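S.K.: Encoded as structure tokens, here's the structure I'll be asking about.
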Amino acid sequence: MHSNLHLCHDFSLRSLNTFGIDARAATYLRVAAADQLQAALAEPALAAQPRLVLGGGSNLLLTGDFPGLVLHIAIQGREVLQGTATHHHVRAAAGENWHQFVQWTLSHGLDGLENLSLIPGTVGAAPIQNIGAYGAETKDYFHSLTAYDPASGQLVVMDVADCRFGYRDSVFKQEAGRGLIVVDVTFALPRAWQPNLRYAELAQAVAAQGLDAPSAQQVADTVIAVRRRKLPDPADIGNAGSFFKNPVVSGAQCAQLLAQFPALVHHQQADGSEKLAAGWLIDQCGWKGRSLGAAGVYEKQALVLVNRGGATGAEVQRLAQAIQDDVQARYGVLLEPEPVFV
Ligand code: EPU
């Protein structure tokens, strides 16, 4: 066994997932440098095990103990690169905390990521989910990333096209990219910065402070305040942010639903399809604030499922299923979970 590898066995993952589910990993390795990935996966006994790559554990539902190898990506580091005439380039290692990274860029006068403040998780997870909030997505500020490919044992560099970003989606969630392990991410931030206030709720919150020309830090502070009002802090109550994606339906299906439910919340997409507000659908089905066992629906935002204390992954799954069944029966729409079930 490689001498640099400190493997743990029967290791509790409770503090490593924001839902606070007390599941255990058969084998656990904290990865502090990219070459440890290579060393670990060169061991046939480790390479053969089922594998879970863990970042901040904020988009994950552990439905039971994990029978294989958990690779906890804890690689640290961030640097400002040369950049171009139009963009600053900044790189961060996959294990950096996302929110701290965003605040660090702002404190260096590198604006652009402010709308994505306070999203839980790590830098390495940002492109996997194409994390987004308040009218911005990772892909808008993404330059490239480095990933370790266990199949070849090589590091690969991937640009925006390689990553196939979609709404809360990327190649890393698809067959072609599933095995890749993100090591670092480079962002391209525009030198000619403008606040992005396309999201109505954010624009209102900025205007309410009398800010005509807000700085990026002021936008960040506003996003932080809005999020704190609506979303539970995982340090206080276990959760994984939005539990379901906002479903996208055809224009025709949306029109039919609107005829029956005039208050339906919907946003037209560039291709004519319509994104529905899953939180509204769940709320209308009466689930807000309710619980099944120790798993519950957050009082202030029906899209967020919470661990009210000691919930198992199976309990959260049962609640999610009950919600899906009700929304399907009433609206004929299938809600797709946002977190990965393991
Ligand atoms: N709504 C209700 N009842 C609720 C919740 C929402 O009626 O209990 C209605 C709201 O009134 C609003 C609409 O549904 O009209 C949309 O709600 P909101 O603006 O809060 O945003 P969201 O669609 O629920 C999405 C993202 C969030 C992101 C916010 C802000 C998804 C799945 N969720 O939420 O992302 O922070 O917009 O941009 O796309 C995450 O992905 O984990 C996440 C938190």
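The chains in the structure tokens are called A, B, ... from first to last as shown; in each chain the residues are counted from 1, and the ligands are counted from 1 in the order shown.
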Identify, counting only C-alpha atoms and all ligand atoms, the protein, DNA and RNA residues located within 7 Å of ligand 1, and give them as number ranges by chain.

M.R.: A: 131-135, 240-246, 265, 277-280, 282-283, 288, 300-303, 338

S.K.: Find the residues of range 21-67 of chain A that sit at most 12 Å from range 326-337 of chain A; for each, write down the nearest two atoms and how far apart they are in Å, to one decimal. Count only C-alpha atoms. Sort by chain, then by number going up, and give it as JSON lines.

M.R.:
```
{"residue": "A:Asn59", "atom": "CA", "partner": "A:Pro337", "partner_atom": "CA", "distance": 10.1}
{"residue": "A:Leu60", "atom": "CA", "partner": "A:Pro337", "partner_atom": "CA", "distance": 10.3}
{"residue": "A:Leu61", "atom": "CA", "partner": "A:Pro337", "partner_atom": "CA", "distance": 10.0}
```

S.K.: Save the residues we just selected, C-alpha atoms, as an mmCIF file, in the first residue's frame?

M.R.:
```cif
data_model
loop_
_atom_site.group_PDB
_atom_site.id
_atom_site.type_symbol
_atom_site.label_atom_id
_atom_site.label_comp_id
_atom_site.auth_asym_id
_atom_site.auth_seq_id
_atom_site.Cartn_x
_atom_site.Cartn_y
_atom_site.Cartn_z
ATOM 1 C CA ASN A 59 -25.602 18.025 -3.424
ATOM 2 C CA LEU A 60 -25.761 14.509 -2.152
ATOM 3 C CA LEU A 61 -28.290 12.192 -0.544
#
```

S.K.: To test your reading of the structure, identify every residue in range 52-254 of chain A that backbone DSSP assigns to strand (DSSP E or B), and report it as a count of residues only.

M.R.: 63

S.K.: So, counting only C-alpha atoms, which residue among A:His72, A:His266, A:His108, A:His89 is closest to Val182 in chain A?

M.R.: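 When distances to Val182 in chain A are compared using only C-alpha atoms, the smallest one comes from A:His72.
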
S.K.: Tell me, which residues of range 13-132 of chain A carry DSSP helix (DSSP H, G or I), written as a PDB file with N, CA, C and O atoms, in the first residue's frame?

M.R.:
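The result, written out as result.pdb:
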```
ATOM      1  N   ARG A  14     -21.059  11.661   8.299  1.00  0.00           N
ATOM      2  CA  ARG A  14     -22.079  12.589   8.799  1.00  0.00           C
ATOM      3  C   ARG A  14     -21.678  14.057   8.668  1.00  0.00           C
ATOM      4  O   ARG A  14     -22.485  14.900   8.284  1.00  0.00           O
ATOM      5  N   SER A  15     -20.426  14.368   9.005  1.00  0.00           N
ATOM      6  CA  SER A  15     -20.014  15.777   8.942  1.00  0.00           C
ATOM      7  C   SER A  15     -19.584  16.174   7.534  1.00  0.00           C
ATOM      8  O   SER A  15     -19.213  17.320   7.293  1.00  0.00           O
ATOM      9  N   LEU A  16     -19.640  15.237   6.607  1.00  0.00           N
ATOM     10  CA  LEU A  16     -19.172  15.513   5.244  1.00  0.00           C
ATOM     11  C   LEU A  16     -20.311  15.604   4.228  1.00  0.00           C
ATOM     12  O   LEU A  16     -20.075  15.656   3.029  1.00  0.00           O
ATOM     13  N   ALA A  34      -3.369  16.252  -6.017  1.00  0.00           N
ATOM     14  CA  ALA A  34      -3.838  15.474  -7.160  1.00  0.00           C
ATOM     15  C   ALA A  34      -3.067  14.163  -7.325  1.00  0.00           C
ATOM     16  O   ALA A  34      -3.635  13.141  -7.738  1.00  0.00           O
ATOM     17  N   ASP A  35      -1.785  14.163  -6.959  1.00  0.00           N
ATOM     18  CA  ASP A  35      -1.019  12.924  -7.190  1.00  0.00           C
ATOM     19  C   ASP A  35      -1.460  11.787  -6.258  1.00  0.00           C
ATOM     20  O   ASP A  35      -1.186  10.626  -6.520  1.00  0.00           O
ATOM     21  N   GLN A  36      -2.171  12.138  -5.186  1.00  0.00           N
ATOM     22  CA  GLN A  36      -2.713  11.074  -4.332  1.00  0.00           C
ATOM     23  C   GLN A  36      -3.822  10.288  -5.039  1.00  0.00           C
ATOM     24  O   GLN A  36      -4.049   9.120  -4.729  1.00  0.00           O
ATOM     25  N   LEU A  37      -4.518  10.955  -5.970  1.00  0.00           N
ATOM     26  CA  LEU A  37      -5.545  10.242  -6.745  1.00  0.00           C
ATOM     27  C   LEU A  37      -4.890   9.136  -7.545  1.00  0.00           C
ATOM     28  O   LEU A  37      -5.337   7.987  -7.574  1.00  0.00           O
ATOM     29  N   GLN A  38      -3.812   9.535  -8.219  1.00  0.00           N
ATOM     30  CA  GLN A  38      -3.078   8.581  -9.042  1.00  0.00           C
ATOM     31  C   GLN A  38      -2.560   7.428  -8.186  1.00  0.00           C
ATOM     32  O   GLN A  38      -2.697   6.261  -8.551  1.00  0.00           O
ATOM     33  N   ALA A  39      -1.988   7.776  -7.029  1.00  0.00           N
ATOM     34  CA  ALA A  39      -1.419   6.753  -6.148  1.00  0.00           C
ATOM     35  C   ALA A  39      -2.506   5.795  -5.658  1.00  0.00           C
ATOM     36  O   ALA A  39      -2.329   4.573  -5.659  1.00  0.00           O
ATOM     37  N   ALA A  40      -3.643   6.351  -5.271  1.00  0.00           N
ATOM     38  CA  ALA A  40      -4.710   5.513  -4.721  1.00  0.00           C
ATOM     39  C   ALA A  40      -5.270   4.584  -5.798  1.00  0.00           C
ATOM     40  O   ALA A  40      -5.454   3.381  -5.569  1.00  0.00           O
ATOM     41  N   LEU A  41      -5.517   5.140  -6.982  1.00  0.00           N
ATOM     42  CA  LEU A  41      -6.187   4.343  -8.006  1.00  0.00           C
ATOM     43  C   LEU A  41      -5.218   3.422  -8.746  1.00  0.00           C
ATOM     44  O   LEU A  41      -5.635   2.584  -9.549  1.00  0.00           O
ATOM     45  N   PRO A  44      -4.683  -1.855  -7.135  1.00  0.00           N
ATOM     46  CA  PRO A  44      -5.800  -2.640  -7.691  1.00  0.00           C
ATOM     47  C   PRO A  44      -6.942  -2.835  -6.689  1.00  0.00           C
ATOM     48  O   PRO A  44      -8.114  -2.745  -7.058  1.00  0.00           O
ATOM     49  N   ALA A  45      -6.597  -3.015  -5.412  1.00  0.00           N
ATOM     50  CA  ALA A  45      -7.648  -3.275  -4.419  1.00  0.00           C
ATOM     51  C   ALA A  45      -8.540  -2.048  -4.219  1.00  0.00           C
ATOM     52  O   ALA A  45      -9.722  -2.179  -3.912  1.00  0.00           O
ATOM     53  N   LEU A  46      -7.978  -0.870  -4.399  1.00  0.00           N
ATOM     54  CA  LEU A  46      -8.780   0.353  -4.257  1.00  0.00           C
ATOM     55  C   LEU A  46      -9.509   0.676  -5.561  1.00  0.00           C
ATOM     56  O   LEU A  46     -10.675   1.072  -5.556  1.00  0.00           O
ATOM     57  N   ALA A  47      -8.798   0.492  -6.675  1.00  0.00           N
ATOM     58  CA  ALA A  47      -9.388   0.836  -7.972  1.00  0.00           C
ATOM     59  C   ALA A  47     -10.624  -0.014  -8.267  1.00  0.00           C
ATOM     60  O   ALA A  47     -11.542   0.422  -8.968  1.00  0.00           O
ATOM     61  N   TRP A  98     -16.494  27.002  -1.982  1.00  0.00           N
ATOM     62  CA  TRP A  98     -16.973  27.887  -3.048  1.00  0.00           C
ATOM     63  C   TRP A  98     -17.187  29.316  -2.568  1.00  0.00           C
ATOM     64  O   TRP A  98     -16.700  30.282  -3.168  1.00  0.00           O
ATOM     65  N   HIS A  99     -17.938  29.462  -1.499  1.00  0.00           N
ATOM     66  CA  HIS A  99     -18.286  30.818  -1.044  1.00  0.00           C
ATOM     67  C   HIS A  99     -17.031  31.601  -0.649  1.00  0.00           C
ATOM     68  O   HIS A  99     -16.889  32.781  -0.982  1.00  0.00           O
ATOM     69  N   GLN A 100     -16.091  30.941   0.033  1.00  0.00           N
ATOM     70  CA  GLN A 100     -14.855  31.637   0.424  1.00  0.00           C
ATOM     71  C   GLN A 100     -14.059  32.052  -0.809  1.00  0.00           C
ATOM     72  O   GLN A 100     -13.464  33.131  -0.845  1.00  0.00           O
ATOM     73  N   PHE A 101     -14.078  31.200  -1.824  1.00  0.00           N
ATOM     74  CA  PHE A 101     -13.400  31.536  -3.080  1.00  0.00           C
ATOM     75  C   PHE A 101     -14.046  32.774  -3.722  1.00  0.00           C
ATOM     76  O   PHE A 101     -13.348  33.708  -4.149  1.00  0.00           O
ATOM     77  N   VAL A 102     -15.369  32.783  -3.773  1.00  0.00           N
ATOM     78  CA  VAL A 102     -16.068  33.932  -4.374  1.00  0.00           C
ATOM     79  C   VAL A 102     -15.699  35.213  -3.625  1.00  0.00           C
ATOM     80  O   VAL A 102     -15.367  36.244  -4.233  1.00  0.00           O
ATOM     81  N   GLN A 103     -15.727  35.154  -2.295  1.00  0.00           N
ATOM     82  CA  GLN A 103     -15.403  36.353  -1.506  1.00  0.00           C
ATOM     83  C   GLN A 103     -13.945  36.775  -1.730  1.00  0.00           C
ATOM     84  O   GLN A 103     -13.632  37.965  -1.752  1.00  0.00           O
ATOM     85  N   TRP A 104     -13.080  35.801  -1.895  1.00  0.00           N
ATOM     86  CA  TRP A 104     -11.666  36.094  -2.153  1.00  0.00           C
ATOM     87  C   TRP A 104     -11.500  36.813  -3.495  1.00  0.00           C
ATOM     88  O   TRP A 104     -10.763  37.810  -3.598  1.00  0.00           O
ATOM     89  N   THR A 105     -12.222  36.344  -4.531  1.00  0.00           N
ATOM     90  CA  THR A 105     -12.123  37.033  -5.836  1.00  0.00           C
ATOM     91  C   THR A 105     -12.586  38.483  -5.685  1.00  0.00           C
ATOM     92  O   THR A 105     -11.932  39.407  -6.179  1.00  0.00           O
ATOM     93  N   LEU A 106     -13.693  38.691  -4.985  1.00  0.00           N
ATOM     94  CA  LEU A 106     -14.229  40.055  -4.829  1.00  0.00           C
ATOM     95  C   LEU A 106     -13.238  40.938  -4.069  1.00  0.00           C
ATOM     96  O   LEU A 106     -13.040  42.110  -4.422  1.00  0.00           O
ATOM     97  N   SER A 107     -12.589  40.376  -3.058  1.00  0.00           N
ATOM     98  CA  SER A 107     -11.655  41.185  -2.263  1.00  0.00           C
ATOM     99  C   SER A 107     -10.411  41.541  -3.079  1.00  0.00           C
ATOM    100  O   SER A 107      -9.675  42.454  -2.719  1.00  0.00           O
ATOM    101  N   GLU A 114     -20.299  37.307  -7.996  1.00  0.00           N
ATOM    102  CA  GLU A 114     -21.033  37.758  -6.804  1.00  0.00           C
ATOM    103  C   GLU A 114     -22.445  37.193  -6.696  1.00  0.00           C
ATOM    104  O   GLU A 114     -22.908  36.907  -5.588  1.00  0.00           O
ATOM    105  N   ASN A 115     -23.129  36.951  -7.827  1.00  0.00           N
ATOM    106  CA  ASN A 115     -24.493  36.412  -7.738  1.00  0.00           C
ATOM    107  C   ASN A 115     -24.500  34.983  -7.206  1.00  0.00           C
ATOM    108  O   ASN A 115     -25.538  34.480  -6.796  1.00  0.00           O
ATOM    109  N   LEU A 116     -23.331  34.351  -7.239  1.00  0.00           N
ATOM    110  CA  LEU A 116     -23.245  32.950  -6.808  1.00  0.00           C
ATOM    111  C   LEU A 116     -22.728  32.837  -5.374  1.00  0.00           C
ATOM    112  O   LEU A 116     -22.306  31.754  -4.943  1.00  0.00           O
ATOM    113  N   ALA A 125     -17.043  21.116  -7.358  1.00  0.00           N
ATOM    114  CA  ALA A 125     -18.419  20.686  -7.638  1.00  0.00           C
ATOM    115  C   ALA A 125     -19.163  21.694  -8.501  1.00  0.00           C
ATOM    116  O   ALA A 125     -20.171  21.353  -9.126  1.00  0.00           O
ATOM    117  N   ALA A 126     -18.668  22.937  -8.553  1.00  0.00           N
ATOM    118  CA  ALA A 126     -19.405  23.992  -9.259  1.00  0.00           C
ATOM    119  C   ALA A 126     -19.678  23.639 -10.728  1.00  0.00           C
ATOM    120  O   ALA A 126     -20.820  23.778 -11.190  1.00  0.00           O
ATOM    121  N   PRO A 127     -18.672  23.170 -11.486  1.00  0.00           N
ATOM    122  CA  PRO A 127     -18.970  22.833 -12.876  1.00  0.00           C
ATOM    123  C   PRO A 127     -19.796  21.551 -13.033  1.00  0.00           C
ATOM    124  O   PRO A 127     -20.541  21.414 -14.019  1.00  0.00           O
ATOM    125  N   ILE A 128     -19.703  20.642 -12.105  1.00  0.00           N
ATOM    126  CA  ILE A 128     -20.440  19.372 -12.238  1.00  0.00           C
ATOM    127  C   ILE A 128     -21.929  19.648 -12.283  1.00  0.00           C
ATOM    128  O   ILE A 128     -22.661  19.174 -13.143  1.00  0.00           O
ATOM    129  N   GLN A 129     -22.383  20.484 -11.352  1.00  0.00           N
ATOM    130  CA  GLN A 129     -23.786  20.873 -11.261  1.00  0.00           C
ATOM    131  C   GLN A 129     -24.096  22.064 -12.143  1.00  0.00           C
ATOM    132  O   GLN A 129     -25.254  22.458 -12.237  1.00  0.00           O
TER     133      GLN A 129
END
```

S.K.: Find the residues around Pro214 in chain A up to 12 Å (only C-alpha atoms counted), leave out those fewer than 4 positions away in its own chain, and share them as a PyMOL selection string.

M.R.: chain A and resi 111+114+193-197+202-203+205-210+218-222

S.K.: Restricting it to C-alpha atoms, dump the selection as a compact mmCIF listing (two decimals), in the first residue's frame.

M.R.:
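Okay, out.txt is ready:
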```txt
# COMPACT_ATOMS: atom_id res chain seq x y z
CA ASP A 111 -15.84 40.83 -10.09
CA GLU A 114 -21.03 37.76 -6.80
CA TRP A 193 -17.88 44.38 -15.20
CA GLN A 194 -21.57 45.26 -15.02
CA PRO A 195 -23.94 44.15 -12.25
CA ASN A 196 -26.22 41.30 -13.33
CA LEU A 197 -29.64 42.24 -11.97
CA LEU A 202 -32.35 40.53 -6.65
CA ALA A 203 -32.99 43.76 -8.58
CA ALA A 205 -33.54 43.91 -3.09
CA VAL A 206 -30.75 46.11 -4.53
CA ALA A 207 -33.19 48.95 -5.35
CA ALA A 208 -34.72 48.74 -1.86
CA GLN A 209 -31.32 49.79 -0.47
CA GLY A 210 -31.28 52.83 -2.74
CA GLN A 218 -22.82 45.16 -2.59
CA VAL A 219 -24.52 42.73 -4.97
CA ALA A 220 -22.85 39.85 -3.11
CA ASP A 221 -24.01 41.19 0.24
CA THR A 222 -27.55 41.48 -1.11
```

S.K.: Can you measure CA of Pro234 in chain A to CA of Thr18 in chain A for me? One decimal in Å is fine.

M.R.: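 These atoms are spaced 5.6 Å apart.
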
S.K.: So, counting only C-alpha atoms, which residue among A:Asn307, A:Gly153, A:Gly179, A:Tyr141 is closest to Pro50 in chain A?

M.R.: A:Gly179

S.K.: Kindly give the distance, in Å, that separates CA of Phe66 in chain A and CA of Val183 in chain A, rounded to a single decimal.

M.R.: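 Result for CA of Phe66 in chain A versus CA of Val183 in chain A: 22.7 Å, one decimal.
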
S.K.: Have a look at A:Tyr28, A:Phe19, A:Tyr199, A:Tyr167 and name the one nearest to Pro120 in chain A; count only C-alpha atoms.

M.R.: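 Closest to Pro120 in chain A, using only C-alpha atoms: A:Phe19.
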